[in-house]
file structure_39.pdb (PDB, C-alpha atoms)
ATOM      1  CA  MET A   1     -45.752  57.422   0.197
ATOM      2  CA  ASN A   2     -45.638  56.508   3.859
ATOM      3  CA  THR A   3     -42.474  55.782   5.799
ATOM      4  CA  GLU A   4     -43.262  52.095   6.209
ATOM      5  CA  ALA A   5     -43.603  51.602   2.451
ATOM      6  CA  ASN A   6     -40.404  53.567   1.835
ATOM      7  CA  ARG A   7     -38.573  51.471   4.389
ATOM      8  CA  TYR A   8     -39.791  48.260   2.740
ATOM      9  CA  LEU A   9     -38.627  49.499  -0.653
ATOM     10  CA  ASP A  10     -35.299  50.539   0.841
ATOM     11  CA  ASP A  11     -34.858  47.113   2.457
ATOM     12  CA  ALA A  12     -35.744  45.496  -0.888
ATOM     13  CA  GLY A  13     -33.024  47.428  -2.704
ATOM     14  CA  PHE A  14     -35.358  49.717  -4.655
ATOM     15  CA  PHE A  15     -33.520  52.950  -3.905
ATOM     16  CA  ILE A  16     -30.106  51.357  -4.292
ATOM     17  CA  GLU A  17     -31.181  50.258  -7.769
ATOM     18  CA  TYR A  18     -32.702  53.563  -8.865
ATOM     19  CA  LEU A  19     -30.970  56.245  -6.750
ATOM     20  CA  LYS A  20     -27.746  54.335  -6.165
ATOM     21  CA  ARG A  21     -28.082  55.016  -2.436
ATOM     22  CA  LYS A  22     -30.163  53.956   0.564
ATOM     23  CA  VAL A  23     -32.787  56.331   2.006
ATOM     24  CA  PHE A  24     -32.561  55.013   5.568
ATOM     25  CA  PRO A  25     -29.090  54.389   7.004
ATOM     26  CA  THR A  26     -30.273  51.284   8.865
ATOM     27  CA  SER A  27     -31.929  49.643   5.845
ATOM     28  CA  SER A  28     -30.670  46.244   4.820
ATOM     29  CA  CYS A  29     -31.989  43.408   2.722
ATOM     30  CA  ARG A  30     -34.004  40.975   4.840
ATOM     31  CA  SER A  31     -32.728  37.424   4.955
ATOM     32  CA  THR A  32     -35.965  36.235   3.350
ATOM     33  CA  THR A  33     -35.818  38.689   0.452
ATOM     34  CA  MET A  34     -34.221  38.387  -2.953
ATOM     35  CA  PRO A  35     -33.564  42.071  -3.627
ATOM     36  CA  LEU A  36     -35.065  44.054  -6.454
ATOM     37  CA  LYS A  37     -33.168  43.546  -9.687
ATOM     38  CA  LEU A  38     -33.361  45.083 -13.133
ATOM     39  CA  PHE A  39     -32.558  42.656 -15.942
ATOM     40  CA  GLN A  40     -32.250  42.644 -19.699
ATOM     41  CA  ALA A  41     -35.127  40.627 -21.136
ATOM     42  CA  ASP A  42     -32.913  38.813 -23.634
ATOM     43  CA  ALA A  43     -30.294  38.064 -20.964
ATOM     44  CA  TYR A  44     -32.390  36.840 -18.037
ATOM     45  CA  VAL A  45     -30.697  33.436 -17.867
ATOM     46  CA  PRO A  46     -27.787  34.403 -15.582
ATOM     47  CA  TYR A  47     -30.172  35.996 -13.078
ATOM     48  CA  LEU A  48     -32.676  33.135 -13.134
ATOM     49  CA  TYR A  49     -30.146  30.300 -13.175
ATOM     50  CA  ARG A  50     -27.425  31.705 -10.896
ATOM     51  CA  ASP A  51     -29.281  34.020  -8.522
ATOM     52  CA  LEU A  52     -33.013  33.414  -8.206
ATOM     53  CA  MET A  53     -33.179  29.612  -8.405
ATOM     54  CA  PRO A  54     -30.249  29.049  -5.990
ATOM     55  CA  TRP A  55     -31.951  31.491  -3.584
ATOM     56  CA  ILE A  56     -35.263  29.576  -3.780
ATOM     57  CA  LYS A  57     -33.370  26.316  -3.347
ATOM     58  CA  SER A  58     -31.675  27.578  -0.198
ATOM     59  CA  GLU A  59     -34.930  28.967   1.215
ATOM     60  CA  VAL A  60     -36.860  25.701   0.794
ATOM     61  CA  ASN A  61     -33.921  23.311   1.159
ATOM     62  CA  LEU A  62     -34.721  21.300  -1.962
ATOM     63  CA  SER A  63     -32.525  20.121  -4.820
ATOM     64  CA  ASN A  64     -32.075  21.985  -8.082
ATOM     65  CA  ASP A  65     -33.657  19.060  -9.904
ATOM     66  CA  THR A  66     -36.849  19.218  -7.845
ATOM     67  CA  LEU A  67     -37.213  22.894  -8.700
ATOM     68  CA  GLU A  68     -36.452  22.463 -12.398
ATOM     69  CA  THR A  69     -40.123  22.659 -13.421
ATOM     70  CA  ILE A  70     -40.582  25.842 -11.396
ATOM     71  CA  LYS A  71     -37.574  27.362 -13.139
ATOM     72  CA  THR A  72     -39.178  26.496 -16.457
ATOM     73  CA  CYS A  73     -42.458  28.134 -15.418
ATOM     74  CA  LEU A  74     -40.631  31.324 -14.463
ATOM     75  CA  GLU A  75     -38.926  31.262 -17.856
ATOM     76  CA  GLU A  76     -42.384  31.566 -19.405
ATOM     77  CA  ILE A  77     -42.699  34.995 -17.758
ATOM     78  CA  PHE A  78     -39.233  36.127 -18.843
ATOM     79  CA  HIS A  79     -40.012  34.963 -22.375
ATOM     80  CA  ASN A  80     -43.273  36.897 -22.307
ATOM     81  CA  ILE A  81     -41.310  40.078 -21.677
ATOM     82  CA  GLU A  82     -38.650  39.241 -24.234
ATOM     83  CA  TYR A  83     -41.055  38.304 -27.023
ATOM     84  CA  HIS A  84     -44.142  40.414 -26.382
ATOM     85  CA  SER A  85     -43.550  43.481 -24.206
ATOM     86  CA  GLY A  86     -41.776  45.557 -26.843
ATOM     87  CA  ILE A  87     -39.062  46.620 -24.408
ATOM     88  CA  LYS A  88     -35.764  45.183 -23.284
ATOM     89  CA  THR A  89     -35.778  45.682 -19.525
ATOM     90  CA  GLY A  90     -37.680  43.997 -16.728
ATOM     91  CA  CYS A  91     -37.627  44.105 -12.955
ATOM     92  CA  THR A  92     -38.059  41.420 -10.316
ATOM     93  CA  LEU A  93     -38.355  41.063  -6.553
ATOM     94  CA  SER A  94     -38.921  37.901  -4.503
ATOM     95  CA  GLN A  95     -39.731  37.238  -0.896
ATOM     96  CA  HIS A  96     -40.126  34.162   1.257
ATOM     97  CA  PHE A  97     -42.839  34.086   3.917
ATOM     98  CA  PRO A  98     -41.790  31.046   5.976
ATOM     99  CA  LYS A  99     -44.687  31.192   8.415
ATOM    100  CA  GLU A 100     -47.173  31.148   5.543
ATOM    101  CA  ASN A 101     -45.259  28.523   3.513
ATOM    102  CA  ARG A 102     -45.198  30.915   0.581
ATOM    103  CA  ILE A 103     -42.634  32.372  -1.798
ATOM    104  CA  SER A 104     -43.699  35.424  -3.783
ATOM    105  CA  ILE A 105     -41.923  36.088  -7.072
ATOM    106  CA  ALA A 106     -42.894  39.312  -8.855
ATOM    107  CA  ILE A 107     -41.634  39.974 -12.378
ATOM    108  CA  SER A 108     -42.627  43.159 -14.188
ATOM    109  CA  ASP A 109     -42.007  45.253 -17.250
ATOM    110  CA  PHE A 110     -43.096  48.672 -18.440
ATOM    111  CA  GLY A 111     -43.795  47.539 -21.985
ATOM    112  CA  ILE A 112     -46.928  47.846 -24.110
ATOM    113  CA  GLY A 113     -48.963  45.653 -21.768
ATOM    114  CA  ILE A 114     -51.036  42.566 -22.461
ATOM    115  CA  PRO A 115     -54.324  44.377 -23.313
ATOM    116  CA  THR A 116     -52.692  46.537 -25.999
ATOM    117  CA  ARG A 117     -51.007  43.511 -27.534
ATOM    118  CA  VAL A 118     -54.184  41.390 -27.524
ATOM    119  CA  ARG A 119     -56.264  44.231 -28.992
ATOM    120  CA  THR A 120     -54.093  44.282 -32.115
ATOM    121  CA  LYS A 121     -55.991  41.070 -32.980
ATOM    122  CA  MET A 122     -59.198  41.507 -30.953
ATOM    123  CA  PRO A 123     -59.815  45.266 -30.788
ATOM    124  CA  ASN A 124     -63.087  45.262 -28.865
ATOM    125  CA  LEU A 125     -61.890  43.583 -25.681
ATOM    126  CA  THR A 126     -61.640  45.412 -22.367
ATOM    127  CA  ASP A 127     -58.368  45.161 -20.466
ATOM    128  CA  ALA A 128     -59.829  42.477 -18.190
ATOM    129  CA  GLU A 129     -61.139  40.478 -21.152
ATOM    130  CA  ALA A 130     -57.834  40.857 -22.989
ATOM    131  CA  ILE A 131     -55.798  39.451 -20.097
ATOM    132  CA  ARG A 132     -58.218  36.555 -19.817
ATOM    133  CA  GLN A 133     -57.791  35.929 -23.551
ATOM    134  CA  ALA A 134     -53.981  36.001 -23.257
ATOM    135  CA  CYS A 135     -54.180  33.267 -20.643
ATOM    136  CA  LYS A 136     -56.105  30.887 -22.902
ATOM    137  CA  GLU A 137     -54.123  28.357 -24.864
ATOM    138  CA  GLY A 138     -53.567  29.494 -28.431
ATOM    139  CA  PHE A 139     -51.503  28.901 -31.481
ATOM    140  CA  THR A 140     -50.292  30.680 -34.584
ATOM    141  CA  LYS A 141     -48.865  29.234 -37.751
ATOM    142  CA  LYS A 142     -46.628  32.267 -38.178
ATOM    143  CA  SER A 143     -43.318  31.269 -36.704
ATOM    144  CA  ASN A 144     -42.187  34.882 -36.523
ATOM    145  CA  VAL A 145     -44.793  35.466 -33.832
ATOM    146  CA  LEU A 146     -42.783  33.814 -31.130
ATOM    147  CA  ASN A 147     -44.545  31.461 -28.779
ATOM    148  CA  ARG A 148     -47.928  33.088 -28.983
ATOM    149  CA  GLY A 149     -50.559  31.507 -26.822
ATOM    150  CA  ALA A 150     -48.635  28.985 -24.757
ATOM    151  CA  GLY A 151     -46.493  30.653 -22.102
ATOM    152  CA  LEU A 152     -49.011  32.142 -19.679
ATOM    153  CA  PRO A 153     -51.442  29.190 -19.878
ATOM    154  CA  ASN A 154     -48.544  26.832 -19.217
ATOM    155  CA  LEU A 155     -47.410  28.885 -16.217
ATOM    156  CA  ILE A 156     -50.915  29.133 -14.753
ATOM    157  CA  ARG A 157     -51.779  25.469 -15.259
ATOM    158  CA  TYR A 158     -48.627  24.205 -13.603
ATOM    159  CA  VAL A 159     -48.420  26.618 -10.678
ATOM    160  CA  THR A 160     -52.081  26.283  -9.730
ATOM    161  CA  GLN A 161     -52.764  22.636 -10.450
ATOM    162  CA  ARG A 162     -49.447  21.064  -9.475
ATOM    163  CA  ASN A 163     -48.161  23.410  -6.774
ATOM    164  CA  SER A 164     -51.556  24.701  -5.560
ATOM    165  CA  GLY A 165     -50.016  28.140  -5.887
ATOM    166  CA  THR A 166     -51.513  31.363  -7.227
ATOM    167  CA  VAL A 167     -50.738  33.524 -10.258
ATOM    168  CA  LEU A 168     -51.738  37.197 -10.290
ATOM    169  CA  ILE A 169     -51.363  39.374 -13.387
ATOM    170  CA  HIS A 170     -51.967  43.114 -13.579
ATOM    171  CA  SER A 171     -51.621  44.841 -16.935
ATOM    172  CA  GLY A 172     -53.260  48.104 -17.875
ATOM    173  CA  GLU A 173     -56.577  48.177 -16.043
ATOM    174  CA  GLY A 174     -56.944  44.417 -16.207
ATOM    175  CA  TYR A 175     -56.285  42.151 -13.239
ATOM    176  CA  LEU A 176     -56.326  38.371 -13.387
ATOM    177  CA  SER A 177     -56.191  35.898 -10.546
ATOM    178  CA  ALA A 178     -55.628  32.169 -11.042
ATOM    179  CA  SER A 179     -55.784  29.536  -8.327
ATOM    180  CA  ARG A 180     -56.284  25.814  -8.066
ATOM    181  CA  GLY A 181     -59.591  24.460  -9.314
ATOM    182  CA  PRO A 182     -61.073  20.957  -9.159
ATOM    183  CA  ALA A 183     -60.168  19.978 -12.738
ATOM    184  CA  SER A 184     -58.598  23.091 -14.220
ATOM    185  CA  SER A 185     -57.396  26.434 -12.864
ATOM    186  CA  ASN A 186     -59.939  28.776 -11.347
ATOM    187  CA  VAL A 187     -59.327  31.984 -13.323
ATOM    188  CA  THR A 188     -61.092  35.300 -12.772
ATOM    189  CA  SER A 189     -60.368  38.706 -14.280
ATOM    190  CA  ARG A 190     -61.743  42.171 -13.573
ATOM    191  CA  GLN A 191     -61.289  45.827 -14.397
ATOM    192  CA  MET A 192     -59.251  47.819 -11.882
ATOM    193  CA  PRO A 193     -59.793  51.514 -11.129
ATOM    194  CA  TRP A 194     -56.135  52.230 -11.894
ATOM    195  CA  ALA A 195     -53.750  51.006 -14.568
ATOM    196  CA  TYR A 196     -50.397  49.258 -14.274
ATOM    197  CA  PRO A 197     -48.124  50.762 -16.942
ATOM    198  CA  GLY A 198     -46.927  47.497 -18.448
ATOM    199  CA  THR A 199     -47.341  44.052 -16.931
ATOM    200  CA  ILE A 200     -46.619  42.591 -13.527
ATOM    201  CA  VAL A 201     -46.864  38.865 -12.893
ATOM    202  CA  ASN A 202     -46.810  37.704  -9.297
ATOM    203  CA  VAL A 203     -46.314  33.987  -8.702
ATOM    204  CA  LEU A 204     -47.151  32.795  -5.207
ATOM    205  CA  LEU A 205     -45.614  29.375  -4.714
ATOM    206  CA  ARG A 206     -46.587  27.056  -1.898
ATOM    207  CA  THR A 207     -43.384  25.780  -0.360
ATOM    208  CA  ASP A 208     -45.088  22.871   1.418
ATOM    209  CA  THR A 209     -46.070  21.220  -1.875
ATOM    210  CA  LEU A 210     -42.881  21.786  -3.858
ATOM    211  CA  GLU A 211     -41.444  18.401  -2.964
ATOM    212  CA  ARG A 212     -44.215  16.578  -4.825
ATOM    213  CA  LEU A 213     -43.040  18.188  -8.077
ATOM    214  CA  GLU A 214     -40.118  15.784  -8.114
ATOM    215  CA  SER A 215     -42.369  13.184  -9.749
ATOM    216  CA  ASP A 216     -42.723  15.462 -12.781
ATOM    217  CA  ILE A 217     -39.037  15.182 -13.643
ATOM    218  CA  GLN A 218     -38.962  11.398 -13.571
ATOM    219  CA  GLN A 219     -38.205   9.840 -16.932
ATOM    220  CA  GLU A 220     -41.243   8.493 -18.739
ATOM    221  CA  GLU A 221     -41.570   6.828 -22.103
ATOM    222  CA  PHE A 222     -43.026   9.188 -24.694
ATOM    223  CA  THR A 223     -45.886   7.892 -26.799
ATOM    224  CA  TRP A 224     -47.947   9.895 -29.251
TER
ATOM    225  CA  MET B   1     -32.243   6.408 -37.445
ATOM    226  CA  VAL B   2     -30.508   9.708 -36.717
ATOM    227  CA  THR B   3     -30.290  10.597 -33.032
ATOM    228  CA  ILE B   4     -30.140  14.235 -31.957
ATOM    229  CA  ARG B   5     -29.122  14.703 -28.331
ATOM    230  CA  ILE B   6     -30.333  18.179 -27.473
ATOM    231  CA  VAL B   7     -27.564  18.959 -24.966
ATOM    232  CA  ASP B   8     -25.005  18.426 -27.724
ATOM    233  CA  TYR B   9     -26.420  21.334 -29.708
ATOM    234  CA  VAL B  10     -27.711  23.983 -27.288
ATOM    235  CA  LYS B  11     -26.350  25.376 -24.036
ATOM    236  CA  GLN B  12     -29.814  25.209 -22.482
ATOM    237  CA  ALA B  13     -33.160  24.084 -23.890
ATOM    238  CA  SER B  14     -34.945  27.282 -23.027
ATOM    239  CA  THR B  15     -35.645  29.863 -25.678
ATOM    240  CA  TYR B  16     -37.348  29.904 -29.054
ATOM    241  CA  ASP B  17     -33.883  30.248 -30.591
ATOM    242  CA  ASP B  18     -32.731  27.086 -28.780
ATOM    243  CA  GLY B  19     -35.747  25.253 -30.179
ATOM    244  CA  GLN B  20     -35.024  26.633 -33.618
ATOM    245  CA  VAL B  21     -31.599  24.942 -33.552
ATOM    246  CA  ILE B  22     -33.270  21.575 -32.991
ATOM    247  CA  PHE B  23     -35.948  22.274 -35.606
ATOM    248  CA  ASP B  24     -33.283  23.043 -38.190
ATOM    249  CA  LEU B  25     -31.601  19.711 -37.435
ATOM    250  CA  ILE B  26     -34.716  17.551 -37.740
ATOM    251  CA  ALA B  27     -37.091  19.346 -40.114
ATOM    252  CA  ASN B  28     -35.742  17.933 -43.358
ATOM    253  CA  ASP B  29     -35.674  14.326 -42.173
ATOM    254  CA  VAL B  30     -39.106  14.383 -40.551
ATOM    255  CA  SER B  31     -40.767  15.928 -43.586
ATOM    256  CA  ASN B  32     -39.014  13.491 -45.943
ATOM    257  CA  ASP B  33     -40.051  10.377 -44.032
ATOM    258  CA  PHE B  34     -36.706   9.678 -42.394
ATOM    259  CA  PRO B  35     -37.152   8.722 -38.730
ATOM    260  CA  VAL B  36     -35.393  10.974 -36.227
ATOM    261  CA  GLU B  37     -34.823  10.418 -32.539
ATOM    262  CA  VAL B  38     -34.593  13.508 -30.309
ATOM    263  CA  SER B  39     -33.102  12.742 -26.915
ATOM    264  CA  PHE B  40     -33.789  14.919 -23.876
ATOM    265  CA  ALA B  41     -31.042  13.180 -21.881
ATOM    266  CA  GLY B  42     -29.865  15.525 -19.118
ATOM    267  CA  ILE B  43     -32.889  17.820 -19.430
ATOM    268  CA  GLN B  44     -35.741  17.676 -16.926
ATOM    269  CA  ALA B  45     -38.052  20.425 -18.164
ATOM    270  CA  VAL B  46     -38.425  22.872 -21.043
ATOM    271  CA  PRO B  47     -40.656  25.928 -21.526
ATOM    272  CA  SER B  48     -43.280  26.178 -24.235
ATOM    273  CA  ALA B  49     -41.123  28.460 -26.415
ATOM    274  CA  PHE B  50     -38.649  25.635 -26.913
ATOM    275  CA  VAL B  51     -41.351  23.070 -27.753
ATOM    276  CA  ASN B  52     -43.129  25.453 -30.120
ATOM    277  CA  ALA B  53     -39.964  26.189 -32.076
ATOM    278  CA  ALA B  54     -38.481  22.688 -32.108
ATOM    279  CA  PHE B  55     -41.610  20.602 -32.699
ATOM    280  CA  LEU B  56     -44.835  22.576 -33.254
ATOM    281  CA  GLN B  57     -43.140  24.450 -36.075
ATOM    282  CA  LEU B  58     -42.906  21.137 -37.946
ATOM    283  CA  LEU B  59     -46.642  21.470 -38.599
ATOM    284  CA  GLU B  60     -45.823  24.318 -40.991
ATOM    285  CA  ILE B  61     -43.888  21.998 -43.286
ATOM    286  CA  THR B  62     -45.450  18.564 -42.848
ATOM    287  CA  SER B  63     -48.485  16.720 -41.511
ATOM    288  CA  VAL B  64     -49.119  15.672 -37.959
ATOM    289  CA  GLU B  65     -49.221  12.058 -39.152
ATOM    290  CA  LYS B  66     -45.702  12.307 -40.552
ATOM    291  CA  ILE B  67     -44.478  13.926 -37.361
ATOM    292  CA  ARG B  68     -45.990  11.195 -35.219
ATOM    293  CA  SER B  69     -44.529   8.427 -37.345
ATOM    294  CA  ASN B  70     -41.063   9.932 -37.912
ATOM    295  CA  LEU B  71     -40.285  11.823 -34.699
ATOM    296  CA  LYS B  72     -39.294   9.737 -31.715
ATOM    297  CA  ILE B  73     -38.835  11.503 -28.372
ATOM    298  CA  THR B  74     -36.578   9.714 -25.877
ATOM    299  CA  HIS B  75     -35.135  10.215 -22.367
ATOM    300  CA  SER B  76     -37.866  12.723 -21.639
ATOM    301  CA  THR B  77     -39.693  13.395 -18.387
ATOM    302  CA  LYS B  78     -43.350  13.435 -17.477
ATOM    303  CA  PHE B  79     -43.283  17.264 -17.564
ATOM    304  CA  ILE B  80     -41.775  17.377 -21.053
ATOM    305  CA  ASN B  81     -44.065  14.672 -22.414
ATOM    306  CA  GLU B  82     -47.206  16.349 -21.141
ATOM    307  CA  LEU B  83     -46.176  19.705 -22.621
ATOM    308  CA  ILE B  84     -45.403  18.275 -26.060
ATOM    309  CA  LYS B  85     -48.572  16.190 -26.174
ATOM    310  CA  ARG B  86     -50.781  18.989 -24.890
ATOM    311  CA  ARG B  87     -49.453  21.439 -27.494
ATOM    312  CA  PHE B  88     -49.929  18.980 -30.369
ATOM    313  CA  ASP B  89     -53.361  17.937 -29.099
ATOM    314  CA  PHE B  90     -54.447  21.560 -28.842
ATOM    315  CA  VAL B  91     -53.194  22.545 -32.275
ATOM    316  CA  THR B  92     -54.623  19.539 -34.058
ATOM    317  CA  ARG B  93     -57.974  20.124 -32.352
ATOM    318  CA  ALA B  94     -57.986  23.884 -32.961
ATOM    319  CA  ALA B  95     -56.609  23.722 -36.509
ATOM    320  CA  PRO B  96     -57.646  20.351 -37.981
ATOM    321  CA  ASP B  97     -56.410  21.416 -41.428
ATOM    322  CA  PHE B  98     -52.850  20.529 -40.430
TER
END
call {"tool": "encode", "arguments": {"input": "structure_39.pdb", "output": "structure tokens"}}
result
Amino acid sequence: MNTEANRYLDDAGFFIEYLKRKVFPTSSCRSTTMPLKLFQADAYVPYLYRDLMPWIKSEVNLSNDTLETIKTCLEEIFHNIEYHSGIKTGCTLSQHFPKENRISIAISDFGIGIPTRVRTKMPNLTDAEAIRQACKEGFTKKSNVLNRGAGLPNLIRYVTQRNSGTVLIHSGEGYLSASRGPASSNVTSRQMPWAYPGTIVNVLLRTDTLERLESDIQQEEFTW
Amino acid sequence: MVTIRIVDYVKQASTYDDGQVIFDLIANDVSNDFPVEVSFAGIQAVPSAFVNAAFLQLLEITSVEKIRSNLKITHSTKFINELIKRRFDFVTRAAPDF
């Protein structure tokens, strides 16, 4: 790996997390970076609620309430790890790109991966097809299969259509990209020449449209 | 009518387990034709795991008609309303036998 990549990882806290020491003496976390963090999938709440969301709030200078729907969307990813990855640990790294009006939030796990999980029900799908399938709305009557078929579609719909952001998912050899479309999200998936050993979800939020999300947390009368 | 204020029963309305707490409180009444009000006061948004456990799971024990007539959602936001309605609309379209 080249020196520039190593330096970026060092700045992001990668070597501190895994080697318990920095590689370059001058490395330090950039002011626009939320450093790399390992978390327990069933105990993500303290990290999300007390670290990540306050960091996003301070970067974009918006209230906690305005960002409440974004927090909920990120919970969909944490839940996906907790309920479906088959492992207990995940990893996350976030960065703000002020000049581009973007915040990148990457959340990953080294679990069984989306294609393997989907193929337990639909064995003939390629990795790309399986990821696409996992991002379609679904439902199961079996309540022991937690939350199947709702989390990723909910995340993609909201981030792309309300925030005009982008969601990228790489799992196994499948890679999915979702962006804003005229009526529904524009979703494409393809086979990659190399595999990600687990799942990584990268949410690219537009910071210049976050303020409009405040209307989504206004009270509204519920009618069936 | 019984009123269940979610914040009185769960620390946060986030996980499937949180939703399960609410389901356990309302399931009997909804399926036995006793109206129940579930208040989202103090909550602006919830993820799908919570909605699936608290409300979609009702479809395993009663009909969508009974749910619609006996379950009243109050103090909810546009985000919450759209999620609940979209999930019920999808399930009743995809599995009309409910």
call {"tool": "closest_residue", "arguments": {"input": "structure_39.pdb", "among": "A:Val60, A:Leu38, A:Ile77, A:Asp10", "to": "Thr26 (chain A)", "atoms": "all atoms listed in the file"}}
result
A:Asp10
call {"tool": "atom_distance", "arguments": {"input": "structure_39.pdb", "atom1": "CA of Val7 (chain B)", "atom2": "CA of Ile217 (chain A)"}}
result
16.6 Å
call {"tool": "resolve_selection", "arguments": {"input": "structure_39.pdb", "expression": "the ChimeraX specification (/B :<6) & /A", "output": "list in words"}}
result
Thr69, Thr72, Asn147, Gly151, Asp216, Ile217, Gln218, Gln219 and Glu220 of chain A
call {"tool": "resolve_selection", "arguments": {"input": "structure_39.pdb", "expression": "the PyMOL selection byres ((chain A and resi 203) around 10)", "output": "list in words"}}
result
Cys73, Leu74, Ile77, Ser94, Arg102, Ile103, Ser104, Ile105, Ala106, Ile107, Leu155, Ile156, Val159, Thr160, Gly165, Thr166, Val167, Leu168, Ile169, Ala178, Ile200, Val201, Asn202, Leu204, Leu205 and Arg206 of chain A
call {"tool": "atom_distance", "arguments": {"input": "structure_39.pdb", "atom1": "CA of Ala54 (chain B)", "atom2": "CA of Phe78 (chain A)"}}
result
18.9 Å
call {"tool": "atom_distance", "arguments": {"input": "structure_39.pdb", "atom1": "CA of Arg5 (chain B)", "atom2": "CA of Val45 (chain A)"}}
result
21.5 Å
call {"tool": "residues_around", "arguments": {"input": "structure_39.pdb", "residues": "region 130-134 of chain A", "least_positions_apart": "6", "cutoff": "10 Å", "atoms": "only C-alpha atoms", "output": "PyMOL selection string"}}
result
chain A and resi 113-119+122-124+148-153+169-177+187-190
call {"tool": "resolve_selection", "arguments": {"input": "structure_39.pdb", "expression": "the PyMOL selection byres ((chain B and resi 26-35) around 6)", "output": "list in words"}}
result
Met1, Phe23, Asp24, Leu25, Val36, Thr62, Asn70 and Leu71 of chain B
call {"tool": "closest_residue", "arguments": {"input": "structure_39.pdb", "among": "A:Leu19, A:Ala195, A:Leu48, A:Leu93", "to": "Leu36 (chain A)", "atoms": "all atoms listed in the file"}}
result
A:Leu93
call {"tool": "build_atoms", "arguments": {"input": "structure_39.pdb", "residues": "region 214-219 of chain A", "atoms": "all heavy atoms", "output": "mmCIF file, in the coordinates of the input"}}
result
data_model
loop_
_atom_site.group_PDB
_atom_site.id
_atom_site.type_symbol
_atom_site.label_atom_id
_atom_site.label_comp_id
_atom_site.auth_asym_id
_atom_site.auth_seq_id
_atom_site.Cartn_x
_atom_site.Cartn_y
_atom_site.Cartn_z
ATOM 1 N N GLU A 214 -41.215 16.654 -7.686
ATOM 2 C CA GLU A 214 -40.118 15.784 -8.114
ATOM 3 C C GLU A 214 -40.611 14.684 -9.054
ATOM 4 O O GLU A 214 -39.884 14.255 -9.951
ATOM 5 C CB GLU A 214 -39.432 15.174 -6.885
ATOM 6 C CG GLU A 214 -38.110 14.549 -7.219
ATOM 7 C CD GLU A 214 -37.185 14.450 -6.013
ATOM 8 O OE1 GLU A 214 -37.500 15.038 -4.973
ATOM 9 O OE2 GLU A 214 -36.161 13.778 -6.143
ATOM 10 N N SER A 215 -41.848 14.249 -8.884
ATOM 11 C CA SER A 215 -42.369 13.184 -9.749
ATOM 12 C C SER A 215 -42.486 13.650 -11.204
ATOM 13 O O SER A 215 -42.500 12.825 -12.121
ATOM 14 C CB SER A 215 -43.730 12.696 -9.244
ATOM 15 O OG SER A 215 -44.680 13.739 -9.343
ATOM 16 N N ASP A 216 -42.571 14.954 -11.419
ATOM 17 C CA ASP A 216 -42.723 15.462 -12.781
ATOM 18 C C ASP A 216 -41.430 15.423 -13.585
ATOM 19 O O ASP A 216 -41.451 15.630 -14.800
ATOM 20 C CB ASP A 216 -43.251 16.907 -12.750
ATOM 21 C CG ASP A 216 -44.663 16.968 -12.206
ATOM 22 O OD1 ASP A 216 -45.369 15.956 -12.302
ATOM 23 O OD2 ASP A 216 -45.035 18.021 -11.673
ATOM 24 N N ILE A 217 -40.307 15.229 -12.898
ATOM 25 C CA ILE A 217 -39.037 15.182 -13.643
ATOM 26 C C ILE A 217 -38.500 13.752 -13.733
ATOM 27 O O ILE A 217 -37.344 13.546 -14.093
ATOM 28 C CB ILE A 217 -37.981 16.133 -13.042
ATOM 29 C CG1 ILE A 217 -37.745 15.828 -11.562
ATOM 30 C CG2 ILE A 217 -38.382 17.573 -13.244
ATOM 31 C CD1 ILE A 217 -36.475 16.448 -11.010
ATOM 32 N N GLN A 218 -39.358 12.799 -13.375
ATOM 33 C CA GLN A 218 -38.962 11.398 -13.571
ATOM 34 C C GLN A 218 -39.071 11.056 -15.062
ATOM 35 O O GLN A 218 -39.998 11.508 -15.738
ATOM 36 C CB GLN A 218 -39.874 10.454 -12.760
ATOM 37 C CG GLN A 218 -39.876 10.736 -11.263
ATOM 38 C CD GLN A 218 -38.469 10.740 -10.682
ATOM 39 O OE1 GLN A 218 -37.702 9.830 -10.919
ATOM 40 N NE2 GLN A 218 -38.121 11.790 -9.940
ATOM 41 N N GLN A 219 -38.146 10.227 -15.524
ATOM 42 C CA GLN A 219 -38.205 9.840 -16.932
ATOM 43 C C GLN A 219 -39.443 8.984 -17.182
ATOM 44 O O GLN A 219 -39.854 8.183 -16.346
ATOM 45 C CB GLN A 219 -36.954 9.072 -17.329
ATOM 46 C CG GLN A 219 -35.835 10.024 -17.722
ATOM 47 C CD GLN A 219 -34.808 9.381 -18.663
ATOM 48 O OE1 GLN A 219 -35.010 8.297 -19.172
ATOM 49 N NE2 GLN A 219 -33.721 10.078 -18.879
#
